[in-house]
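Trainee: Dropping the structure in here first, questions after.
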Amino acid sequence: MRPDRFAAILCASLALCSCAPSAPPAPPTPTVDAAAVERGRLVYQVEACAACHGERGEGTEVAPALSGLSAHWQGDELAAFLIDPAPALGSDPRLAEMAARFDLEMPGVAKASSGDVADLVEYLLSGLE
């Protein structure tokens, strides 16, 4: 093959490769507000969540572990659940099964400020670290 023809084929091939669809971009990594997580950890303590769920959310014989919540919850849904758990317990089979297994009614944090609830959500979704 002639060198000029080889160069033309090589350039055309490279041009086609550069036009090929690339892998889809990775989903954005959620940002963690470290200050909100720390405030949420304090809310967790003040609201006495640890009394049932354990000091680090590891779960106890009376309440489930809280690790991995981000796999099941969006922030606004979790906030609504924390304020008033009853509606979700009646409509979500996974939560209803959990409520039956842990025969203890979860109290809501209805008296907490909206800022405290948001910080608690941030803490819970952060993985409780």
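Ordering of the structure tokens sets the chain letters (A, B, ...), residue numbers begin anew at 1 in every chain, and ligands are numbered from 1 in the order given.
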Find the residues near Val62 of chain A: any atom within 10 Å, counting only C-alpha atoms, skip ones fewer than 2 places away on the same chain, and give them as a PyMOL selection string.

Mentor: chain A and resi 51-54+59-60+64-65+99+101-105

Trainee: Go ahead and save the picked residues with N, CA and C atoms, as a PDB file, in the first residue's frame.

Mentor:
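Result written to again_9.pdb:
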ATOM      1  N   ALA A  51     -31.395   5.469  70.886  1.00  0.00           N
ATOM      2  CA  ALA A  51     -32.004   4.599  71.895  1.00  0.00           C
ATOM      3  C   ALA A  51     -32.595   3.347  71.259  1.00  0.00           C
ATOM      4  N   CYS A  52     -33.088   3.477  70.049  1.00  0.00           N
ATOM      5  CA  CYS A  52     -33.665   2.320  69.363  1.00  0.00           C
ATOM      6  C   CYS A  52     -32.771   1.796  68.239  1.00  0.00           C
ATOM      7  N   HIS A  53     -32.197   2.701  67.461  1.00  0.00           N
ATOM      8  CA  HIS A  53     -31.438   2.299  66.274  1.00  0.00           C
ATOM      9  C   HIS A  53     -29.957   2.059  66.531  1.00  0.00           C
ATOM     10  N   GLY A  54     -29.490   2.350  67.737  1.00  0.00           N
ATOM     11  CA  GLY A  54     -28.084   2.165  68.066  1.00  0.00           C
ATOM     12  C   GLY A  54     -27.296   3.448  67.895  1.00  0.00           C
ATOM     13  N   GLY A  59     -28.552  -0.671  64.372  1.00  0.00           N
ATOM     14  CA  GLY A  59     -29.738  -1.477  64.627  1.00  0.00           C
ATOM     15  C   GLY A  59     -29.645  -2.169  65.969  1.00  0.00           C
ATOM     16  N   THR A  60     -30.781  -2.503  66.510  1.00  0.00           N
ATOM     17  CA  THR A  60     -30.868  -3.202  67.793  1.00  0.00           C
ATOM     18  C   THR A  60     -31.991  -4.220  67.689  1.00  0.00           C
ATOM     19  N   PRO A  64     -34.525  -1.362  63.288  1.00  0.00           N
ATOM     20  CA  PRO A  64     -33.592  -1.787  62.233  1.00  0.00           C
ATOM     21  C   PRO A  64     -32.348  -0.906  62.123  1.00  0.00           C
ATOM     22  N   ALA A  65     -31.351  -1.460  61.479  1.00  0.00           N
ATOM     23  CA  ALA A  65     -30.146  -0.700  61.146  1.00  0.00           C
ATOM     24  C   ALA A  65     -30.514   0.375  60.132  1.00  0.00           C
ATOM     25  N   ALA A  99     -41.903  -2.893  60.076  1.00  0.00           N
ATOM     26  CA  ALA A  99     -42.654  -2.484  61.258  1.00  0.00           C
ATOM     27  C   ALA A  99     -43.205  -3.707  61.992  1.00  0.00           C
ATOM     28  N   ARG A 101     -41.843  -6.690  61.986  1.00  0.00           N
ATOM     29  CA  ARG A 101     -40.708  -7.410  62.561  1.00  0.00           C
ATOM     30  C   ARG A 101     -40.209  -6.743  63.839  1.00  0.00           C
ATOM     31  N   PHE A 102     -40.217  -5.428  63.851  1.00  0.00           N
ATOM     32  CA  PHE A 102     -39.762  -4.672  65.016  1.00  0.00           C
ATOM     33  C   PHE A 102     -41.002  -4.073  65.665  1.00  0.00           C
ATOM     34  N   ASP A 103     -41.593  -4.803  66.531  1.00  0.00           N
ATOM     35  CA  ASP A 103     -42.880  -4.445  67.122  1.00  0.00           C
ATOM     36  C   ASP A 103     -42.769  -3.225  68.036  1.00  0.00           C
ATOM     37  N   LEU A 104     -42.378  -2.113  67.449  1.00  0.00           N
ATOM     38  CA  LEU A 104     -42.246  -0.859  68.185  1.00  0.00           C
ATOM     39  C   LEU A 104     -42.580   0.269  67.219  1.00  0.00           C
ATOM     40  N   GLU A 105     -43.513   1.101  67.605  1.00  0.00           N
ATOM     41  CA  GLU A 105     -43.907   2.199  66.724  1.00  0.00           C
ATOM     42  C   GLU A 105     -42.819   3.268  66.697  1.00  0.00           C
TER      43      GLU A 105
END

Trainee: For Ala86 of chain A, list every protein, DNA or RNA residue within 9 Å, evaluated using only C-alpha atoms, and leave out those in the same chain fewer than 4 positions away; present the list as a ChimeraX atom specification.

Mentor: /A:81,90-91,105-106,108

Trainee: Of the candidates A:Met98, A:Ala80, A:Ala34, A:Ala48, which shows the shortest atom-to-atom distance to Ser114 of chain A, using only C-alpha atoms?

Mentor: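 Of A:Met98, A:Ala80, A:Ala34, A:Ala48, the one nearest Ser114 of chain A, counting only C-alpha atoms, is A:Ala80.
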
Trainee: Between A:Val117, A:Cys49, A:Leu42, A:Leu95, which has the minimum distance to His72 of chain A (counting only C-alpha atoms)?

Mentor: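 The shortest atom-to-atom distance to His72 of chain A comes from A:Leu95.
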
Trainee: For the atom pair atom CA of Asp116 of chain A and atom CA of Pro85 of chain A, what is the interatomic distance in Å to one decimal place?

Mentor: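 Distance reported for this atom pair: 16.6 Å.
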
Trainee: Need the shell around Glu77 of chain A: protein/DNA/RNA residues with any atom at most 10 Å away, counting only C-alpha atoms. Skip same-chain ones fewer than 5 positions apart. Format as a list in words?

Mentor: His72, Leu82, Ala88 and Val121 of chain A

Trainee: Could you jot down the atom CA of Leu66 of chain A to atom CA of Asp119 of chain A separation for me, Å, one decimal place?

Mentor: 15.4 Å

Trainee: Atom CA of Arg94 of chain A to atom CA of Ala71 of chain A: how many Å, to one decimal?

Mentor: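 Interatomic distance here is 12.8 Å.
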
Trainee: Of the candidates A:Val32, A:Gly68, A:Arg39, A:Gly75, which one gets nearest to Gly115 of chain A if we count only C-alpha atoms?

Mentor: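 Checking each of A:Val32, A:Gly68, A:Arg39, A:Gly75 against Gly115 of chain A, counting only C-alpha atoms, the winner is A:Arg39.
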
Trainee: Hey, which of A:Glu122, A:Gly127, A:Ser113, A:Glu58 ends up closest to Glu38 of chain A? Count only C-alpha atoms.

Mentor: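 Distance minimum relative to Glu38 of chain A lands on A:Glu122.
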
Trainee: Might you pull out every residue within 6 Å of Val109 of chain A, with only C-alpha atoms counted and same-chain residues fewer than 2 positions away left off, and present them as a PyMOL selection string?

Mentor: chain A and resi 82-83+111-112
